[in-house]
$ cat my_file_37.pdb   # PDB, C-alpha atoms
ATOM      1  CA  MET A  20      17.068 -51.782  52.560
ATOM      2  CA  ARG A  21      13.697 -51.672  50.868
ATOM      3  CA  ILE A  22      14.479 -48.241  49.417
ATOM      4  CA  GLU A  23      17.861 -49.415  48.146
ATOM      5  CA  ARG A  24      16.332 -52.450  46.431
ATOM      6  CA  ALA A  25      13.670 -50.294  44.794
ATOM      7  CA  ALA A  26      16.361 -47.930  43.554
ATOM      8  CA  ILE A  27      18.368 -50.817  42.123
ATOM      9  CA  ASP A  28      15.262 -52.195  40.369
ATOM     10  CA  ASN A  29      14.561 -48.787  38.884
ATOM     11  CA  GLN A  30      18.148 -48.499  37.692
ATOM     12  CA  ARG A  31      17.960 -51.903  36.045
ATOM     13  CA  SER A  32      14.830 -50.849  34.156
ATOM     14  CA  VAL A  33      16.658 -47.819  32.758
ATOM     15  CA  GLY A  34      18.381 -48.375  29.469
ATOM     16  CA  PRO A  35      17.546 -49.238  25.878
ATOM     17  CA  GLN A  36      13.866 -50.175  25.708
ATOM     18  CA  PRO A  37      11.853 -51.252  22.667
ATOM     19  CA  THR A  38       9.980 -48.332  21.156
ATOM     20  CA  ILE A  39       7.252 -48.176  18.585
ATOM     21  CA  ARG A  40       9.704 -46.467  16.226
ATOM     22  CA  ASN A  41      11.904 -49.561  16.280
ATOM     23  CA  ARG A  42       9.116 -52.047  15.712
ATOM     24  CA  GLU A  43       7.262 -53.147  12.629
ATOM     25  CA  SER A  44       3.544 -52.512  12.266
ATOM     26  CA  LEU A  45       1.378 -55.218  10.708
ATOM     27  CA  ARG A  46      -2.187 -54.351   9.823
ATOM     28  CA  TYR A  47      -4.961 -56.907  10.082
ATOM     29  CA  LEU A  48      -8.680 -57.302   9.504
ATOM     30  CA  HIS A  49     -10.991 -58.801  12.129
ATOM     31  CA  LEU A  50     -13.952 -60.792  10.843
ATOM     32  CA  ASP A  51     -16.781 -62.837  12.304
ATOM     33  CA  VAL A  52     -17.227 -65.886  10.077
ATOM     34  CA  PHE A  53     -20.203 -68.128   9.317
ATOM     35  CA  THR A  54     -22.623 -65.414  10.356
ATOM     36  CA  SER A  55     -24.250 -62.301   8.921
ATOM     37  CA  ARG A  56     -24.400 -60.592  12.330
ATOM     38  CA  PRO A  57     -21.481 -58.931  14.158
ATOM     39  CA  PHE A  58     -20.302 -60.547  17.393
ATOM     40  CA  GLU A  59     -21.543 -63.994  16.422
ATOM     41  CA  GLY A  60     -19.831 -66.739  14.429
ATOM     42  CA  ASN A  61     -16.133 -67.531  14.605
ATOM     43  CA  GLN A  62     -13.570 -64.751  14.942
ATOM     44  CA  LEU A  63     -10.694 -64.497  12.484
ATOM     45  CA  ALA A  64      -7.682 -62.228  12.094
ATOM     46  CA  VAL A  65      -6.375 -61.798   8.533
ATOM     47  CA  PHE A  66      -2.945 -60.274   7.913
ATOM     48  CA  PRO A  67      -2.917 -59.257   4.223
ATOM     49  CA  GLU A  68       0.748 -58.139   4.118
ATOM     50  CA  PRO A  69       2.815 -60.184   6.602
ATOM     51  CA  GLY A  70       6.085 -59.821   4.709
ATOM     52  CA  ASP A  71       8.785 -62.448   5.228
ATOM     53  CA  LEU A  72       8.293 -63.156   8.927
ATOM     54  CA  PRO A  73       9.557 -66.574  10.053
ATOM     55  CA  ALA A  74       7.129 -69.313  11.013
ATOM     56  CA  GLU A  75       7.862 -68.940  14.725
ATOM     57  CA  THR A  76       6.774 -65.280  14.582
ATOM     58  CA  LEU A  77       3.598 -66.181  12.707
ATOM     59  CA  GLN A  78       2.865 -68.752  15.399
ATOM     60  CA  ALA A  79       3.489 -66.178  18.128
ATOM     61  CA  ILE A  80       1.130 -63.723  16.409
ATOM     62  CA  ALA A  81      -1.602 -66.374  16.227
ATOM     63  CA  LYS A  82      -1.134 -67.065  19.918
ATOM     64  CA  GLU A  83      -1.294 -63.356  20.677
ATOM     65  CA  MET A  84      -4.506 -62.901  18.657
ATOM     66  CA  ALA A  85      -6.002 -65.890  20.550
ATOM     67  CA  PHE A  86      -8.639 -66.636  17.911
ATOM     68  CA  SER A  87      -9.300 -70.176  16.706
ATOM     69  CA  GLU A  88      -7.229 -69.329  13.633
ATOM     70  CA  THR A  89      -5.236 -66.475  12.131
ATOM     71  CA  THR A  90      -4.325 -66.247   8.437
ATOM     72  CA  PHE A  91      -1.407 -64.692   6.549
ATOM     73  CA  ILE A  92      -1.737 -63.822   2.861
ATOM     74  CA  TYR A  93       1.160 -64.018   0.364
ATOM     75  CA  PRO A  94       1.632 -63.720  -3.396
ATOM     76  CA  ALA A  95       0.752 -66.870  -5.287
ATOM     77  CA  GLU A  96       3.521 -69.363  -6.039
ATOM     78  CA  LYS A  97       1.819 -72.273  -7.812
ATOM     79  CA  GLY A  98      -0.779 -70.849 -10.153
ATOM     80  CA  GLY A  99      -3.434 -69.823  -7.622
ATOM     81  CA  ASP A 100      -4.528 -66.299  -6.802
ATOM     82  CA  VAL A 101      -2.855 -66.043  -3.381
ATOM     83  CA  LYS A 102      -0.962 -68.288  -1.007
ATOM     84  CA  MET A 103      -2.353 -68.515   2.511
ATOM     85  CA  ARG A 104      -0.926 -69.889   5.756
ATOM     86  CA  ILE A 105      -3.261 -70.771   8.631
ATOM     87  CA  PHE A 106      -2.268 -70.931  12.296
ATOM     88  CA  THR A 107      -4.172 -71.893  15.420
ATOM     89  CA  PRO A 108      -2.718 -70.650  18.711
ATOM     90  CA  GLY A 109      -0.895 -73.988  18.878
ATOM     91  CA  GLU A 110       0.149 -75.010  15.368
ATOM     92  CA  GLU A 111      -0.051 -74.453  11.608
ATOM     93  CA  LEU A 112      -2.828 -76.187   9.656
ATOM     94  CA  PRO A 113      -2.738 -77.403   6.033
ATOM     95  CA  MET A 114      -6.310 -76.203   5.507
ATOM     96  CA  ALA A 115      -9.315 -74.950   7.457
ATOM     97  CA  GLY A 116     -12.783 -73.785   6.539
ATOM     98  CA  HIS A 117     -13.581 -70.670   8.518
ATOM     99  CA  PRO A 118     -10.172 -69.086   7.734
ATOM    100  CA  THR A 119     -10.745 -69.694   4.023
ATOM    101  CA  ILE A 120     -14.274 -68.287   3.988
ATOM    102  CA  GLY A 121     -13.346 -65.366   6.227
ATOM    103  CA  SER A 122     -10.171 -64.540   4.293
ATOM    104  CA  THR A 123     -12.231 -64.497   1.099
ATOM    105  CA  PHE A 124     -14.432 -61.769   2.567
ATOM    106  CA  ALA A 125     -11.353 -59.924   3.856
ATOM    107  CA  LEU A 126      -9.732 -59.918   0.417
ATOM    108  CA  ALA A 127     -12.964 -58.687  -1.117
ATOM    109  CA  ALA A 128     -12.991 -55.835   1.399
ATOM    110  CA  GLU A 129      -9.363 -55.103   0.479
ATOM    111  CA  GLY A 130     -10.171 -55.020  -3.229
ATOM    112  CA  THR A 131      -7.872 -57.976  -3.952
ATOM    113  CA  ILE A 132     -10.962 -59.875  -5.104
ATOM    114  CA  VAL A 133     -12.815 -57.556  -7.458
ATOM    115  CA  ARG A 134     -16.583 -57.268  -7.419
ATOM    116  CA  GLY A 135     -18.325 -59.730  -9.719
ATOM    117  CA  ARG A 136     -15.569 -62.313  -9.812
ATOM    118  CA  GLU A 137     -16.971 -65.836  -9.644
ATOM    119  CA  GLN A 138     -13.935 -67.957  -8.651
ATOM    120  CA  PHE A 139     -10.843 -67.444  -6.518
ATOM    121  CA  VAL A 140      -8.122 -69.977  -5.705
ATOM    122  CA  PHE A 141      -6.153 -70.167  -2.452
ATOM    123  CA  GLU A 142      -2.884 -72.061  -2.341
ATOM    124  CA  LEU A 143      -3.088 -74.008   0.922
ATOM    125  CA  GLY A 144      -1.024 -76.763   2.454
ATOM    126  CA  VAL A 145      -3.384 -79.346   0.949
ATOM    127  CA  GLY A 146      -3.032 -77.803  -2.518
ATOM    128  CA  PRO A 147      -5.138 -75.421  -4.647
ATOM    129  CA  THR A 148      -8.463 -74.691  -2.946
ATOM    130  CA  PRO A 149     -11.090 -73.019  -5.152
ATOM    131  CA  VAL A 150     -13.744 -70.736  -3.705
ATOM    132  CA  SER A 151     -16.975 -69.829  -5.526
ATOM    133  CA  LEU A 152     -18.262 -66.292  -4.955
ATOM    134  CA  GLU A 153     -21.781 -64.824  -4.860
ATOM    135  CA  TRP A 154     -22.406 -61.075  -4.898
ATOM    136  CA  ASP A 155     -25.248 -58.661  -4.191
ATOM    137  CA  ALA A 156     -25.633 -54.895  -4.315
ATOM    138  CA  ARG A 157     -23.607 -54.466  -1.099
ATOM    139  CA  GLY A 158     -20.690 -56.658  -2.143
ATOM    140  CA  LEU A 159     -19.651 -60.250  -1.531
ATOM    141  CA  SER A 160     -22.612 -62.049   0.028
ATOM    142  CA  PHE A 161     -21.643 -65.747   0.169
ATOM    143  CA  ALA A 162     -18.628 -67.965  -0.477
ATOM    144  CA  TRP A 163     -18.315 -71.718  -1.095
ATOM    145  CA  MET A 164     -14.992 -73.489  -0.654
ATOM    146  CA  THR A 165     -14.340 -76.830  -2.302
ATOM    147  CA  GLN A 166     -12.578 -79.286   0.005
ATOM    148  CA  PRO A 167     -10.627 -82.458  -0.812
ATOM    149  CA  LEU A 168     -12.658 -85.651  -1.109
ATOM    150  CA  PRO A 169     -13.107 -87.453   2.213
ATOM    151  CA  THR A 170     -11.105 -90.292   3.643
ATOM    152  CA  PHE A 171     -12.806 -92.463   6.249
ATOM    153  CA  GLY A 172     -10.612 -93.669   9.082
ATOM    154  CA  PRO A 173     -10.979 -95.948  12.086
ATOM    155  CA  THR A 174     -13.948 -96.132  14.432
ATOM    156  CA  ILE A 175     -14.005 -96.302  18.230
ATOM    157  CA  VAL A 176     -15.589 -99.639  19.033
ATOM    158  CA  ASP A 177     -15.584 -99.545  22.822
ATOM    159  CA  ARG A 178     -18.385 -97.125  23.615
ATOM    160  CA  ALA A 179     -18.251 -97.093  27.429
ATOM    161  CA  PRO A 180     -14.753 -95.492  27.727
ATOM    162  CA  LEU A 181     -15.720 -92.990  25.034
ATOM    163  CA  ALA A 182     -18.863 -91.958  26.923
ATOM    164  CA  ALA A 183     -16.870 -91.667  30.151
ATOM    165  CA  ALA A 184     -14.245 -89.511  28.423
ATOM    166  CA  ILE A 185     -16.908 -86.970  27.462
ATOM    167  CA  GLY A 186     -18.782 -87.056  30.756
ATOM    168  CA  LEU A 187     -21.924 -88.789  29.463
ATOM    169  CA  GLU A 188     -23.731 -92.085  29.871
ATOM    170  CA  ASP A 189     -23.241 -94.442  26.946
ATOM    171  CA  THR A 190     -26.994 -94.136  26.262
ATOM    172  CA  SER A 191     -26.237 -90.595  25.046
ATOM    173  CA  LEU A 192     -24.196 -92.009  22.148
ATOM    174  CA  ALA A 193     -26.292 -92.459  19.003
ATOM    175  CA  PRO A 194     -26.921 -96.227  18.961
ATOM    176  CA  ASP A 195     -26.792 -96.824  15.214
ATOM    177  CA  ARG A 196     -23.938 -94.490  14.185
ATOM    178  CA  PRO A 197     -20.217 -95.014  14.793
ATOM    179  CA  ALA A 198     -17.719 -92.631  16.312
ATOM    180  CA  GLN A 199     -15.347 -92.348  13.351
ATOM    181  CA  VAL A 200     -12.363 -90.413  12.061
ATOM    182  CA  VAL A 201     -13.063 -88.580   8.790
ATOM    183  CA  SER A 202     -10.842 -86.116   6.947
ATOM    184  CA  CYS A 203     -11.167 -83.673   4.078
ATOM    185  CA  GLY A 204      -7.644 -82.390   4.643
ATOM    186  CA  VAL A 205      -7.582 -82.354   8.461
ATOM    187  CA  PRO A 206      -8.821 -85.410  10.417
ATOM    188  CA  PHE A 207     -11.535 -85.084  13.038
ATOM    189  CA  LEU A 208     -13.175 -87.647  15.282
ATOM    190  CA  PHE A 209     -16.941 -87.453  14.820
ATOM    191  CA  VAL A 210     -19.053 -88.513  17.786
ATOM    192  CA  PRO A 211     -22.823 -88.672  17.140
ATOM    193  CA  LEU A 212     -25.061 -88.058  20.171
ATOM    194  CA  THR A 213     -28.774 -88.487  20.726
ATOM    195  CA  THR A 214     -29.920 -84.992  21.755
ATOM    196  CA  ARG A 215     -28.977 -81.328  21.869
ATOM    197  CA  ALA A 216     -28.913 -81.559  25.642
ATOM    198  CA  ALA A 217     -26.271 -84.285  25.385
ATOM    199  CA  VAL A 218     -24.168 -82.161  23.003
ATOM    200  CA  ASP A 219     -24.353 -79.215  25.405
ATOM    201  CA  ALA A 220     -23.525 -81.444  28.387
ATOM    202  CA  VAL A 221     -20.228 -82.792  27.016
ATOM    203  CA  ALA A 222     -17.467 -82.416  29.608
ATOM    204  CA  PHE A 223     -14.154 -83.236  27.960
ATOM    205  CA  ASP A 224     -11.507 -85.334  29.727
ATOM    206  CA  ARG A 225      -8.515 -84.846  27.449
ATOM    207  CA  ARG A 226      -6.389 -87.676  28.839
ATOM    208  CA  ALA A 227      -9.241 -90.174  28.648
ATOM    209  CA  MET A 228     -10.004 -89.096  25.081
ATOM    210  CA  VAL A 229      -6.370 -89.552  24.087
ATOM    211  CA  ARG A 230      -6.586 -93.109  25.390
ATOM    212  CA  CYS A 231      -9.736 -93.718  23.332
ATOM    213  CA  CYS A 232      -8.003 -92.416  20.201
ATOM    214  CA  ALA A 233      -4.924 -94.545  20.892
ATOM    215  CA  ALA A 234      -7.103 -97.650  21.261
ATOM    216  CA  ALA A 235      -8.548 -96.892  17.815
ATOM    217  CA  GLY A 236      -5.064 -96.516  16.347
ATOM    218  CA  THR A 237      -4.956 -92.718  16.024
ATOM    219  CA  GLY A 238      -3.187 -89.918  17.792
ATOM    220  CA  GLU A 239      -4.947 -87.072  19.587
ATOM    221  CA  LEU A 240      -7.564 -85.477  17.343
ATOM    222  CA  PRO A 241     -10.026 -82.607  17.481
ATOM    223  CA  VAL A 242     -13.421 -84.040  18.407
ATOM    224  CA  PHE A 243     -16.679 -83.015  16.754
ATOM    225  CA  PHE A 244     -19.931 -83.759  18.625
ATOM    226  CA  PHE A 245     -23.269 -83.554  16.866
ATOM    227  CA  THR A 246     -26.913 -84.561  16.914
ATOM    228  CA  THR A 247     -29.599 -84.533  14.244
ATOM    229  CA  GLU A 248     -32.215 -83.381  16.772
ATOM    230  CA  GLY A 249     -33.678 -79.999  15.851
ATOM    231  CA  PRO A 250     -34.634 -77.978  12.767
ATOM    232  CA  GLU A 251     -31.103 -77.749  11.341
ATOM    233  CA  THR A 252     -29.455 -80.772   9.772
ATOM    234  CA  VAL A 253     -27.148 -81.016  12.788
ATOM    235  CA  TYR A 254     -26.501 -79.202  16.043
ATOM    236  CA  SER A 255     -22.817 -79.372  16.950
ATOM    237  CA  ARG A 256     -19.785 -78.517  19.058
ATOM    238  CA  MET A 257     -16.061 -78.975  18.342
ATOM    239  CA  LEU A 258     -13.376 -79.307  21.035
ATOM    240  CA  ALA A 259      -9.681 -79.295  20.137
ATOM    241  CA  PRO A 260      -7.423 -78.708  23.159
ATOM    242  CA  GLY A 261      -4.517 -80.341  21.293
ATOM    243  CA  PHE A 262      -4.732 -77.513  18.733
ATOM    244  CA  GLY A 263      -4.753 -74.843  21.424
ATOM    245  CA  VAL A 264      -8.521 -74.394  20.925
ATOM    246  CA  ALA A 265     -10.669 -75.313  23.918
ATOM    247  CA  GLU A 266     -13.843 -74.973  21.844
ATOM    248  CA  ASP A 267     -14.444 -73.641  18.343
ATOM    249  CA  PRO A 268     -17.585 -71.614  17.476
ATOM    250  CA  ALA A 269     -17.540 -72.748  13.828
ATOM    251  CA  THR A 270     -15.340 -75.355  12.166
ATOM    252  CA  GLY A 271     -15.465 -75.307   8.377
ATOM    253  CA  GLY A 272     -12.660 -77.860   8.097
ATOM    254  CA  ALA A 273     -14.798 -80.324  10.066
ATOM    255  CA  SER A 274     -18.026 -79.469   8.264
ATOM    256  CA  GLY A 275     -17.011 -81.036   4.942
ATOM    257  CA  PRO A 276     -16.154 -84.397   6.510
ATOM    258  CA  LEU A 277     -19.261 -84.065   8.704
ATOM    259  CA  GLY A 278     -21.411 -83.871   5.591
ATOM    260  CA  ALA A 279     -19.532 -86.803   4.084
ATOM    261  CA  TYR A 280     -20.127 -88.806   7.284
ATOM    262  CA  LEU A 281     -23.855 -88.062   7.172
ATOM    263  CA  LEU A 282     -24.148 -89.229   3.568
ATOM    264  CA  ARG A 283     -21.838 -92.227   4.000
ATOM    265  CA  HIS A 284     -23.884 -93.553   6.930
ATOM    266  CA  ARG A 285     -27.189 -92.687   5.253
ATOM    267  CA  VAL A 286     -28.227 -90.197   7.900
ATOM    268  CA  VAL A 287     -29.279 -87.999   4.964
ATOM    269  CA  SER A 288     -30.285 -88.880   1.417
ATOM    270  CA  PRO A 289     -28.159 -87.827  -1.580
ATOM    271  CA  GLU A 290     -30.715 -85.092  -2.277
ATOM    272  CA  GLU A 291     -30.649 -83.815   1.311
ATOM    273  CA  ALA A 292     -26.839 -83.923   1.333
ATOM    274  CA  ARG A 293     -26.711 -81.136  -1.260
ATOM    275  CA  GLU A 294     -28.297 -78.635   1.139
ATOM    276  CA  MET A 295     -27.356 -79.056   4.808
ATOM    277  CA  VAL A 296     -26.782 -76.651   7.708
ATOM    278  CA  SER A 297     -24.716 -77.202  10.849
ATOM    279  CA  LEU A 298     -25.608 -74.949  13.786
ATOM    280  CA  GLN A 299     -22.475 -74.630  15.932
ATOM    281  CA  GLY A 300     -21.236 -72.332  18.699
ATOM    282  CA  VAL A 301     -24.560 -71.925  20.518
ATOM    283  CA  ALA A 302     -23.088 -73.221  23.782
ATOM    284  CA  MET A 303     -20.424 -70.481  23.539
ATOM    285  CA  GLY A 304     -22.877 -67.668  22.831
ATOM    286  CA  ARG A 305     -21.531 -67.328  19.262
ATOM    287  CA  PRO A 306     -24.058 -69.127  17.028
ATOM    288  CA  SER A 307     -22.705 -70.015  13.595
ATOM    289  CA  ARG A 308     -24.463 -71.430  10.555
ATOM    290  CA  ILE A 309     -22.222 -73.495   8.283
ATOM    291  CA  HIS A 310     -23.679 -74.562   4.946
ATOM    292  CA  ILE A 311     -22.614 -77.953   3.570
ATOM    293  CA  ALA A 312     -23.151 -79.437   0.112
ATOM    294  CA  ILE A 313     -22.077 -83.009  -0.706
ATOM    295  CA  ASP A 314     -22.461 -84.476  -4.197
ATOM    296  CA  GLY A 315     -22.559 -88.183  -4.939
ATOM    297  CA  GLU A 316     -23.809 -91.348  -3.293
ATOM    298  CA  PRO A 317     -23.033 -92.953   0.090
ATOM    299  CA  ASP A 318     -20.291 -95.115  -1.420
ATOM    300  CA  ARG A 319     -19.070 -92.587  -3.984
ATOM    301  CA  ILE A 320     -18.767 -88.966  -2.907
ATOM    302  CA  THR A 321     -17.706 -86.747  -5.801
ATOM    303  CA  ARG A 322     -17.599 -83.209  -4.382
ATOM    304  CA  VAL A 323     -17.438 -81.569  -0.938
ATOM    305  CA  ARG A 324     -18.272 -77.896  -0.410
ATOM    306  CA  VAL A 325     -18.628 -75.731   2.678
ATOM    307  CA  GLY A 326     -19.999 -72.208   2.565
ATOM    308  CA  GLY A 327     -21.199 -69.229   4.510
ATOM    309  CA  ARG A 328     -21.141 -65.526   5.131
ATOM    310  CA  SER A 329     -18.777 -63.251   7.065
ATOM    311  CA  VAL A 330     -18.868 -59.809   8.630
ATOM    312  CA  LEU A 331     -15.961 -57.364   8.829
ATOM    313  CA  VAL A 332     -16.042 -56.026  12.407
ATOM    314  CA  GLY A 333     -12.726 -54.246  12.739
ATOM    315  CA  ARG A 334      -9.277 -53.280  11.499
ATOM    316  CA  GLY A 335      -6.130 -52.882  13.515
ATOM    317  CA  GLU A 336      -2.340 -52.901  13.749
ATOM    318  CA  LEU A 337      -0.080 -55.250  15.639
ATOM    319  CA  MET A 338       3.382 -54.093  16.666
ATOM    320  CA  ILE A 339       6.106 -56.755  16.435
TER     321      ILE A 339
END
$ encode --input "my_file_37.pdb" --output "structure tokens"
Amino acid sequence: MRIERAAIDNQRSVGPQPTIRNRESLRYLHLDVFTSRPFEGNQLAVFPEPGDLPAETLQAIAKEMAFSETTFIYPAEKGGDVKMRIFTPGEELPMAGHPTIGSTFALAAEGTIVRGREQFVFELGVGPTPVSLEWDARGLSFAWMTQPLPTFGPTIVDRAPLAAAIGLEDTSLAPDRPAQVVSCGVPFLFVPLTTRAAVDAVAFDRRAMVRCCAAAGTGELPVFFFTTEGPETVYSRMLAPGFGVAEDPATGGASGPLGAYLLRHRVVSPEEAREMVSLQGVAMGRPSRIHIAIDGEPDRITRVRVGGRSVLVGRGELMI
């Protein structure tokens, strides 16, 4: 009986099978973003020629790549230089920082962005997103993306449930700074903590955090934890299980609103706000340095920029 069943199973496996000849090959570039060293920073896959694949296939590719984000580059449609779509393993985003910075370096490596060019515009879900470029003898050395001006949302008033939701005592919450929703295109909940040890000790209870967000009048959001302890402007972590990202090594889309938060609540002066650094990803073993520049005053922010470096670490093909 066992032999007969095995034979039947083998017979069922015989027949038309997918072959490489019948499948499409999509090439991609693999970059580490917000770092100048390979195998640090935040990983990114960039598909420079995705063709006309439907959204559900793009989402499946992003899930397969299993990076925080994957980008797909298309010809421009609305006066920019290229159109770009950004997917996490769980959903499409209207904008994000590390995919924009990393895709800039990828397009420079591809020759789409020619050496010496000073500006490049991505068409994103939030609209035209300009990137400023800096070059050295080896090629593109630094990129700054301009993000939409911030909007400041609700705060979480009840501190005890918030502390419990992140596995900390409420004394670990910074006493003079609110937990607040801020957005420069994508909303994040910013939770200021007292020490680096507290940031590293966060243990996320997703259901409890959803309840905290609901009490503040918001849906589930990615949560950005930070402290001003240490030599950098902030030391940070970002957790976003609702986006399919347990933890992100570097979050450019959160770094613009982070800088706006710091200026708005007078954690930094207007002069200091023009030159800030967020050290993120240390707890994951992928340290990332995100540069932030905010222009304006606490009650009138006029420009938000996030910048950094990227390293091309590989090229490959995906069969679909």
$ residues_around --input "my_file_37.pdb" --residues "Thr89 in chain A" --least-positions-apart "4" --cutoff "8 Å" --atoms "all atoms listed in the file" --output "PDB file with C-alpha atoms, in the frame of the given file"
ATOM      1  CA  LEU A  63     -10.694 -64.497  12.484  1.00  0.00           C
ATOM      2  CA  ALA A  64      -7.682 -62.228  12.094  1.00  0.00           C
ATOM      3  CA  VAL A  65      -6.375 -61.798   8.533  1.00  0.00           C
ATOM      4  CA  PHE A  66      -2.945 -60.274   7.913  1.00  0.00           C
ATOM      5  CA  ALA A  81      -1.602 -66.374  16.227  1.00  0.00           C
ATOM      6  CA  MET A  84      -4.506 -62.901  18.657  1.00  0.00           C
ATOM      7  CA  ILE A 105      -3.261 -70.771   8.631  1.00  0.00           C
ATOM      8  CA  PHE A 106      -2.268 -70.931  12.296  1.00  0.00           C
ATOM      9  CA  THR A 107      -4.172 -71.893  15.420  1.00  0.00           C
ATOM     10  CA  PRO A 118     -10.172 -69.086   7.734  1.00  0.00           C
TER      11      PRO A 118
END
$ residues_near_point --input "my_file_37.pdb" --point "(1.1, -73.9, 15.9)" --cutoff "10 Å" --atoms "only C-alpha atoms" --output "list in words"
Ala74, Glu75, Leu77, Gln78, Ala79, Ala81, Lys82, Glu88, Ile105, Phe106, Thr107, Pro108, Gly109, Glu110, Glu111, Leu112, Phe262 and Gly263 of chain A
$ residues_around --input "my_file_37.pdb" --residues "Arg46 in chain A" --least-positions-apart "6" --cutoff "10 Å" --atoms "all atoms listed in the file" --output "list in words"
Ala64, Val65, Phe66, Pro67, Glu68, Pro69, Arg334, Gly335, Glu336, Leu337 and Met338 of chain A
$ resolve_selection --input "my_file_37.pdb" --expression "the PyMOL selection byres ((chain A and resi 166) around 12)" --output "MDAnalysis selection string"
chainID A and resid 113:116 119:120 140:141 143 145:151 163:165 167:170 202:205 271:279 311:314 320:326
$ resolve_selection --input "my_file_37.pdb" --expression "the PyMOL selection byres ((chain A and resi 192-195) around 6)" --output "list in words"
Asp189, Thr190, Ser191, Arg196, Pro211, Leu212 and Thr213 of chain A
$ closest_residue --input "my_file_37.pdb" --among "A:Gly121, A:Pro289, A:Gly236, A:Pro306" --to "Asp318 in chain A" --atoms "only C-alpha atoms"
A:Pro289
$ atom_distance --input "my_file_37.pdb" --atom1 "CA of Val221 in chain A" --atom2 "CA of Phe86 in chain A"
21.9 Å
$ atom_distance --input "my_file_37.pdb" --atom1 "CA of Val52 in chain A" --atom2 "CA of Val286 in chain A"
26.8 Å
$ closest_residue --input "my_file_37.pdb" --among "A:Leu152, A:Leu48, A:Ala95, A:Ala183" --to "Ala227 in chain A" --atoms "all atoms listed in the file"
A:Ala183
$ atom_distance --input "my_file_37.pdb" --atom1 "CA of Phe53 in chain A" --atom2 "CA of Ser255 in chain A"
13.8 Å
$ residues_around --input "my_file_37.pdb" --residues "Asp177 in chain A" --least-positions-apart "4" --cutoff "9 Å" --atoms "all atoms listed in the file" --output "PyMOL selection string"
chain A and resi 181+231+234
$ residues_around --input "my_file_37.pdb" --residues "His310 in chain A" --least-positions-apart "5" --cutoff "8 Å" --atoms "only C-alpha atoms" --output "list in words"
Glu294, Met295, Val296, Ser297, Val325, Gly326 and Gly327 of chain A
$ closest_residue --input "my_file_37.pdb" --among "A:Phe139, A:Phe243, A:Tyr254, A:Phe209" --to "Gly98 in chain A" --atoms "only C-alpha atoms"
A:Phe139
$ closest_residue --input "my_file_37.pdb" --among "A:Val287, A:Ala220, A:Gly60, A:Tyr280" --to "Thr174 in chain A" --atoms "only C-alpha atoms"
A:Tyr280
$ closest_residue --input "my_file_37.pdb" --among "A:Val101, A:Ile339, A:Ala182, A:Val301" --to "Glu43 in chain A" --atoms "all atoms listed in the file"
A:Ile339
$ resolve_selection --input "my_file_37.pdb" --expression "the PyMOL selection byres ((chain A and resi 237-240) around 10)" --output "PyMOL selection string"
chain A and resi 172-175+200+205-209+225-226+228-236+241-243+258-262
